[in-house]
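**Student:** Got a file for you: protein_11.pdb, PDB, C-alpha atoms.
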ATOM      1  CA  MET A 260       0.000   0.000   0.000
ATOM      2  CA  PRO A 261       1.611   3.306  -0.996
ATOM      3  CA  LEU A 262       1.969   5.857   1.775
ATOM      4  CA  PRO A 263       2.032   9.261   0.056
ATOM      5  CA  PHE A 264       3.154  11.115   3.189
ATOM      6  CA  LEU A 265       6.405   9.113   3.157
ATOM      7  CA  THR A 266       7.388  10.019  -0.378
ATOM      8  CA  ALA A 267       9.099  13.125  -1.603
ATOM      9  CA  ASP A 268       8.497  15.009  -4.812
ATOM     10  CA  ARG A 269      11.762  13.812  -6.228
ATOM     11  CA  ASP A 270      14.402  11.200  -5.715
ATOM     12  CA  LEU A 271      16.861  12.771  -3.273
ATOM     13  CA  ASP A 272      19.576  10.240  -4.102
ATOM     14  CA  THR A 273      20.326  11.869  -7.451
ATOM     15  CA  PRO A 274      22.013  15.267  -7.715
ATOM     16  CA  ALA A 275      19.808  18.344  -7.622
ATOM     17  CA  ALA A 276      21.079  19.437 -11.048
ATOM     18  CA  ASP A 277      19.230  16.483 -12.590
ATOM     19  CA  HIS A 278      15.879  17.887 -11.459
ATOM     20  CA  THR A 279      13.871  20.909 -12.321
ATOM     21  CA  ALA A 280      13.191  23.308  -9.472
ATOM     22  CA  LEU A 281       9.585  22.203  -9.088
ATOM     23  CA  PRO A 282       9.126  18.586 -10.194
ATOM     24  CA  HIS A 283       5.381  18.261  -9.821
ATOM     25  CA  ASP A 284       2.451  17.362 -11.983
ATOM     26  CA  GLU A 285      -0.322  18.697  -9.783
ATOM     27  CA  PRO A 286       0.726  21.846  -7.904
ATOM     28  CA  ASP A 287      -2.624  22.034  -6.073
ATOM     29  CA  HIS A 288      -1.948  18.899  -4.015
ATOM     30  CA  TRP A 289      -0.172  19.279  -0.701
ATOM     31  CA  ARG A 290       3.205  17.543  -0.665
ATOM     32  CA  ARG A 291       6.277  17.423   1.493
ATOM     33  CA  PRO A 292       9.311  18.325  -0.627
ATOM     34  CA  TYR A 293      11.575  15.959   1.305
ATOM     35  CA  ARG A 294      11.500  12.487   2.788
ATOM     36  CA  PRO A 295      11.058  11.983   6.509
ATOM     37  CA  GLY A 296      14.390  11.172   8.079
ATOM     38  CA  PRO A 297      15.475   7.941   9.721
ATOM     39  CA  TRP A 298      15.059   9.344  13.249
ATOM     40  CA  ARG A 299      11.429  10.282  12.628
ATOM     41  CA  VAL A 300      10.623   6.996  10.896
ATOM     42  CA  GLY A 301      12.426   5.014  13.608
ATOM     43  CA  ALA A 302      10.515   6.771  16.385
ATOM     44  CA  ALA A 303       7.215   6.120  14.583
ATOM     45  CA  ALA A 304       8.167   2.461  14.150
ATOM     46  CA  VAL A 305       8.881   2.147  17.889
ATOM     47  CA  PHE A 306       5.467   3.664  18.702
ATOM     48  CA  LEU A 307       3.766   1.296  16.250
ATOM     49  CA  LEU A 308       5.580  -1.646  17.863
ATOM     50  CA  LEU A 309       4.419  -0.438  21.264
ATOM     51  CA  ALA A 310       0.859  -0.158  19.926
ATOM     52  CA  SER A 311       0.983  -3.739  18.693
ATOM     53  CA  PHE A 312       1.947  -4.933  22.178
ATOM     54  CA  VAL A 313      -0.814  -2.853  23.760
ATOM     55  CA  LEU A 314      -3.391  -4.249  21.308
ATOM     56  CA  LEU A 315      -2.147  -7.786  21.960
ATOM     57  CA  SER A 316      -2.550  -7.200  25.678
ATOM     58  CA  ALA A 317      -6.063  -5.864  25.006
ATOM     59  CA  MET A 318      -6.908  -9.146  23.298
ATOM     60  CA  ILE A 319      -5.519 -11.162  26.217
ATOM     61  CA  ILE A 320      -7.405  -9.014  28.734
ATOM     62  CA  ALA A 321     -10.629  -9.394  26.723
ATOM     63  CA  LEU A 322     -10.212 -13.195  26.612
ATOM     64  CA  ALA A 323      -9.653 -13.153  30.373
ATOM     65  CA  GLY A 324     -13.059 -11.535  30.760
ATOM     66  CA  SER A 325     -12.295  -7.942  31.700
ATOM     67  CA  LEU A 326     -13.948  -5.950  28.916
ATOM     68  CA  PRO A 327     -13.496  -2.474  30.470
ATOM     69  CA  GLY A 328      -9.751  -3.106  30.819
ATOM     70  CA  ALA A 329      -9.596  -4.350  27.239
ATOM     71  CA  ALA A 330     -11.439  -1.238  26.036
ATOM     72  CA  VAL A 331      -8.898   0.976  27.804
ATOM     73  CA  CYS A 332      -6.047  -0.935  26.160
ATOM     74  CA  VAL A 333      -7.673  -0.685  22.716
ATOM     75  CA  LEU A 334      -8.130   3.065  23.209
ATOM     76  CA  LEU A 335      -4.507   3.429  24.318
ATOM     77  CA  GLY A 336      -3.343   1.402  21.300
ATOM     78  CA  ALA A 337      -5.429   3.525  18.901
ATOM     79  CA  LEU A 338      -4.020   6.725  20.420
ATOM     80  CA  THR A 339      -0.486   5.380  20.048
ATOM     81  CA  ILE A 340      -1.105   4.539  16.384
ATOM     82  CA  ALA A 341      -2.585   8.002  15.775
ATOM     83  CA  PHE A 342       0.453   9.586  17.458
ATOM     84  CA  ALA A 343       2.875   7.566  15.293
ATOM     85  CA  LEU A 344       1.068   8.535  12.092
ATOM     86  CA  ARG A 345       0.938  12.191  13.112
ATOM     87  CA  LEU A 346       4.653  12.055  13.921
ATOM     88  CA  LEU A 347       5.296  10.973  10.328
ATOM     89  CA  ARG A 348       3.278  13.930   8.982
ATOM     90  CA  VAL A 349       5.169  16.606  10.956
ATOM     91  CA  GLY A 350       7.039  19.044   8.726
ATOM     92  CA  LEU A 351       6.523  21.624   6.009
ATOM     93  CA  TRP A 352       4.141  20.889   3.146
ATOM     94  CA  VAL A 353       3.743  22.978   0.001
ATOM     95  CA  SER A 354       1.240  23.485  -2.772
ATOM     96  CA  SER A 355       0.341  26.312  -5.107
ATOM     97  CA  GLN A 356      -1.990  27.585  -2.375
ATOM     98  CA  GLY A 357       0.705  28.160   0.226
ATOM     99  CA  LEU A 358       2.941  26.684   2.879
ATOM    100  CA  ARG A 359       1.526  24.359   5.522
ATOM    101  CA  GLN A 360       3.348  23.824   8.795
ATOM    102  CA  VAL A 361       2.289  20.557  10.438
ATOM    103  CA  ASN A 362       3.091  20.142  14.141
ATOM    104  CA  LEU A 363       2.128  17.273  16.423
ATOM    105  CA  LEU A 364      -0.979  18.995  17.747
ATOM    106  CA  ARG A 365      -1.584  21.833  15.314
ATOM    107  CA  THR A 366      -1.467  22.664  11.621
ATOM    108  CA  SER A 367      -1.173  26.176  10.247
ATOM    109  CA  THR A 368      -1.345  27.264   6.626
ATOM    110  CA  GLU A 369       0.056  30.476   5.201
ATOM    111  CA  PRO A 370      -0.832  31.576   1.668
ATOM    112  CA  TRP A 371       2.132  32.466  -0.509
ATOM    113  CA  SER A 372       0.982  36.086  -0.589
ATOM    114  CA  ALA A 373       1.513  36.323   3.191
ATOM    115  CA  ILE A 374       5.126  35.076   3.003
ATOM    116  CA  THR A 375       7.949  37.552   2.470
ATOM    117  CA  SER A 376      10.933  35.213   2.265
ATOM    118  CA  VAL A 377      12.082  31.647   2.726
ATOM    119  CA  ARG A 378      15.788  31.324   3.480
ATOM    120  CA  THR A 379      18.316  29.419   5.556
ATOM    121  CA  ARG A 380      20.196  30.983   8.446
ATOM    122  CA  GLN A 381      22.948  29.875  10.820
ATOM    123  CA  GLN A 382      21.640  29.918  14.379
ATOM    124  CA  PRO A 383      21.408  27.752  17.495
ATOM    125  CA  VAL A 384      18.964  24.930  16.707
ATOM    126  CA  ARG A 385      17.442  22.193  18.827
ATOM    127  CA  TRP A 386      19.008  18.765  18.479
ATOM    128  CA  LEU A 387      16.243  16.246  17.586
ATOM    129  CA  GLY A 388      13.689  18.616  19.109
ATOM    130  CA  LEU A 389      15.204  18.239  22.582
ATOM    131  CA  PRO A 390      16.049  21.254  24.775
ATOM    132  CA  ARG A 391      19.763  20.931  23.978
ATOM    133  CA  THR A 392      20.848  23.390  21.282
ATOM    134  CA  VAL A 393      23.742  23.187  18.853
ATOM    135  CA  GLN A 394      24.956  25.517  16.125
ATOM    136  CA  GLY A 395      23.287  24.654  12.829
ATOM    137  CA  GLN A 396      21.149  25.835   9.938
ATOM    138  CA  ALA A 397      17.453  26.532  10.088
ATOM    139  CA  LEU A 398      14.913  27.298   7.386
ATOM    140  CA  ILE A 399      13.317  30.638   8.249
ATOM    141  CA  VAL A 400       9.905  31.543   6.811
ATOM    142  CA  GLU A 401       9.166  35.241   7.279
ATOM    143  CA  ARG A 402       5.619  36.550   7.009
ATOM    144  CA  THR A 403       4.475  39.954   5.805
ATOM    145  CA  GLN A 404       2.682  40.525   9.114
ATOM    146  CA  GLY A 405       3.634  39.100  12.465
ATOM    147  CA  ASP A 406       6.505  36.973  13.646
ATOM    148  CA  PRO A 407       8.244  34.408  11.433
ATOM    149  CA  LEU A 408       6.834  30.882  11.490
ATOM    150  CA  ARG A 409       8.242  28.632  14.187
ATOM    151  CA  THR A 410      11.342  26.880  12.866
ATOM    152  CA  LEU A 411      10.430  23.317  11.956
ATOM    153  CA  ILE A 412      13.179  22.385   9.539
ATOM    154  CA  THR A 413      16.759  22.408  10.771
ATOM    155  CA  ASP A 414      19.792  20.383   9.849
ATOM    156  CA  HIS A 415      19.654  18.763  13.311
ATOM    157  CA  ASN A 416      16.000  17.702  13.476
ATOM    158  CA  GLY A 417      14.594  14.216  12.991
ATOM    159  CA  ASP A 418      14.456  14.559   9.219
ATOM    160  CA  PHE A 419      17.952  15.857   8.486
ATOM    161  CA  LEU A 420      20.300  14.841  11.306
ATOM    162  CA  SER A 421      23.523  13.560   9.679
ATOM    163  CA  ARG A 422      22.041  14.289   6.211
ATOM    164  CA  PRO A 423      23.193  17.860   5.441
ATOM    165  CA  GLU A 424      22.853  17.428   1.678
ATOM    166  CA  ALA A 425      19.203  16.416   2.081
ATOM    167  CA  PHE A 426      18.621  19.566   4.166
ATOM    168  CA  GLU A 427      20.209  21.730   1.461
ATOM    169  CA  GLN A 428      18.077  20.118  -1.264
ATOM    170  CA  ALA A 429      14.873  20.521   0.764
ATOM    171  CA  ALA A 430      15.691  24.157   1.524
ATOM    172  CA  ASP A 431      16.402  24.808  -2.172
ATOM    173  CA  VAL A 432      13.092  23.250  -3.206
ATOM    174  CA  LEU A 433      11.149  25.225  -0.591
ATOM    175  CA  GLU A 434      12.855  28.439  -1.715
ATOM    176  CA  ALA A 435      11.969  27.604  -5.339
ATOM    177  CA  TRP A 436       8.292  27.057  -4.432
ATOM    178  CA  ALA A 437       8.295  30.385  -2.611
ATOM    179  CA  ALA A 438       9.933  32.170  -5.536
ATOM    180  CA  GLU A 439       7.432  30.756  -8.036
ATOM    181  CA  TYR A 440       4.191  31.249  -6.120
ATOM    182  CA  ARG A 441       4.942  34.290  -3.964
ATOM    183  CA  GLY A 442       4.920  36.785  -6.830
TER     184      GLY A 442
END
Before we go any further, please render this structure as structure tokens.

**Tutor:**
Amino acid sequence: MPLPFLTADRDLDTPAADHTALPHDEPDHWRRPYRPGPWRVGAAAVFLLLASFVLLSAMIIALAGSLPGAAVCVLLGALTIAFALRLLRVGLWVSSQGLRQVNLLRTSTEPWSAITSVRTRQQPVRWLGLPRTVQGQALIVERTQGDPLRTLITDHNGDFLSRPEAFEQAADVLEAWAAEYRG
């Protein structure tokens, strides 16, 4: 079964010069211009493994005759699966309509007309989303009104840790989308 939220617009294993700036057929569909990184996919896999154990325990509890306990376990397993799937969707998504920032609990969409610039900047960034900060690059999205969007893409987050070339390619693609649709 294909999982469209796990695929990128282009094959990131080939050099960026082999691709056009915006390799898309349908610019109205929301897409993530990069693949989720191994840290994000690994964390989601661990949560899905945990959910399978919780659901197995729900079955054992139900066979033992405690239906309320089994219902709690099924609910906990469903919440764990939903969390793992949401974790895979976290990131920046683009379409011709604008830029969508997907967080764990919230999604915000900015139309291209409300975005002034999309650029990378050297600054202290969080390592894997933890409180510890290191010096790195972050993709900064500045709006015409208000503060810039919260930094979601850095070269030290779960998508790009130890993959600096993938961060550069994703930043270039996001800048190209902004350049094409902002004006």

**Student:** Might you spell out which residues the PyMOL selection byres ((chain A and resi 434) around 10) would select in the displayed file, as a PDB file with C-alpha atoms, keeping the file's coordinate frame?

**Tutor:**
ATOM      1  CA  ALA A 280      13.191  23.308  -9.472  1.00  0.00           C
ATOM      2  CA  SER A 376      10.933  35.213   2.265  1.00  0.00           C
ATOM      3  CA  VAL A 377      12.082  31.647   2.726  1.00  0.00           C
ATOM      4  CA  ARG A 378      15.788  31.324   3.480  1.00  0.00           C
ATOM      5  CA  THR A 379      18.316  29.419   5.556  1.00  0.00           C
ATOM      6  CA  LEU A 398      14.913  27.298   7.386  1.00  0.00           C
ATOM      7  CA  VAL A 400       9.905  31.543   6.811  1.00  0.00           C
ATOM      8  CA  GLN A 428      18.077  20.118  -1.264  1.00  0.00           C
ATOM      9  CA  ALA A 429      14.873  20.521   0.764  1.00  0.00           C
ATOM     10  CA  ALA A 430      15.691  24.157   1.524  1.00  0.00           C
ATOM     11  CA  ASP A 431      16.402  24.808  -2.172  1.00  0.00           C
ATOM     12  CA  VAL A 432      13.092  23.250  -3.206  1.00  0.00           C
ATOM     13  CA  LEU A 433      11.149  25.225  -0.591  1.00  0.00           C
ATOM     14  CA  ALA A 435      11.969  27.604  -5.339  1.00  0.00           C
ATOM     15  CA  TRP A 436       8.292  27.057  -4.432  1.00  0.00           C
ATOM     16  CA  ALA A 437       8.295  30.385  -2.611  1.00  0.00           C
ATOM     17  CA  ALA A 438       9.933  32.170  -5.536  1.00  0.00           C
ATOM     18  CA  GLU A 439       7.432  30.756  -8.036  1.00  0.00           C
TER      19      GLU A 439
END

**Student:** In Å, how far is it from atom CA of A:Arg391 to atom CA of A:Arg294?

**Tutor:** 24.3 Å

**Student:** Using only C-alpha atoms, which residue out of A:Gln382, A:Ser316, A:Glu427, A:Ser421 lies closest to A:Leu334?

**Tutor:**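 Closest to A:Leu334, using only C-alpha atoms: A:Ser316.
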
**Student:** Any chance you could work out the residue set of the PyMOL selection byres ((chain A and resi 314) around 12) here, as a PyMOL selection string?

**Tutor:** chain A and resi 307-313+315-321+328-340

**Student:** For the selection just defined, write its residues with C-alpha atoms to a file, as an mmCIF file, keeping the file's coordinate frame.

**Tutor:**
data_model
loop_
_atom_site.group_PDB
_atom_site.id
_atom_site.type_symbol
_atom_site.label_atom_id
_atom_site.label_comp_id
_atom_site.auth_asym_id
_atom_site.auth_seq_id
_atom_site.Cartn_x
_atom_site.Cartn_y
_atom_site.Cartn_z
ATOM 1 C CA LEU A 307 3.766 1.296 16.250
ATOM 2 C CA LEU A 308 5.580 -1.646 17.863
ATOM 3 C CA LEU A 309 4.419 -0.438 21.264
ATOM 4 C CA ALA A 310 0.859 -0.158 19.926
ATOM 5 C CA SER A 311 0.983 -3.739 18.693
ATOM 6 C CA PHE A 312 1.947 -4.933 22.178
ATOM 7 C CA VAL A 313 -0.814 -2.853 23.760
ATOM 8 C CA LEU A 315 -2.147 -7.786 21.960
ATOM 9 C CA SER A 316 -2.550 -7.200 25.678
ATOM 10 C CA ALA A 317 -6.063 -5.864 25.006
ATOM 11 C CA MET A 318 -6.908 -9.146 23.298
ATOM 12 C CA ILE A 319 -5.519 -11.162 26.217
ATOM 13 C CA ILE A 320 -7.405 -9.014 28.734
ATOM 14 C CA ALA A 321 -10.629 -9.394 26.723
ATOM 15 C CA GLY A 328 -9.751 -3.106 30.819
ATOM 16 C CA ALA A 329 -9.596 -4.350 27.239
ATOM 17 C CA ALA A 330 -11.439 -1.238 26.036
ATOM 18 C CA VAL A 331 -8.898 0.976 27.804
ATOM 19 C CA CYS A 332 -6.047 -0.935 26.160
ATOM 20 C CA VAL A 333 -7.673 -0.685 22.716
ATOM 21 C CA LEU A 334 -8.130 3.065 23.209
ATOM 22 C CA LEU A 335 -4.507 3.429 24.318
ATOM 23 C CA GLY A 336 -3.343 1.402 21.300
ATOM 24 C CA ALA A 337 -5.429 3.525 18.901
ATOM 25 C CA LEU A 338 -4.020 6.725 20.420
ATOM 26 C CA THR A 339 -0.486 5.380 20.048
ATOM 27 C CA ILE A 340 -1.105 4.539 16.384
#

**Student:** Smallest atom-to-atom distance to A:Trp371: which of A:Arg422, A:Arg441, A:Arg345, A:Arg402, using all atoms listed in the file?

**Tutor:**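 Closest residue, counting all atoms listed in the file: A:Arg441.
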
**Student:** Considering all atoms listed in the file, can you say which of A:Gly301, A:Pro370, A:Pro407, A:Pro423 comes closest to A:Val353?

**Tutor:**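 Once distances to A:Val353 are computed over all atoms listed in the file, the minimum belongs to A:Pro370.
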
**Student:** Quick one: residues within 9 Å of (3.0, 30.8, 11.0) (file frame), counting all atoms listed in the file, please, as JSON, numbers by chain.

**Tutor:** {"A": [359, 360, 367, 368, 369, 400, 401, 402, 405, 406, 407, 408, 409]}

**Student:** Find the residues with any atom within 6 Å of (13.0, 14.7, 1.7); use all atoms listed in the file and the coordinates as given in the file, and write the answer as a list in words.

**Tutor:** Ala267, Pro292, Tyr293, Arg294 and Pro295 of chain A
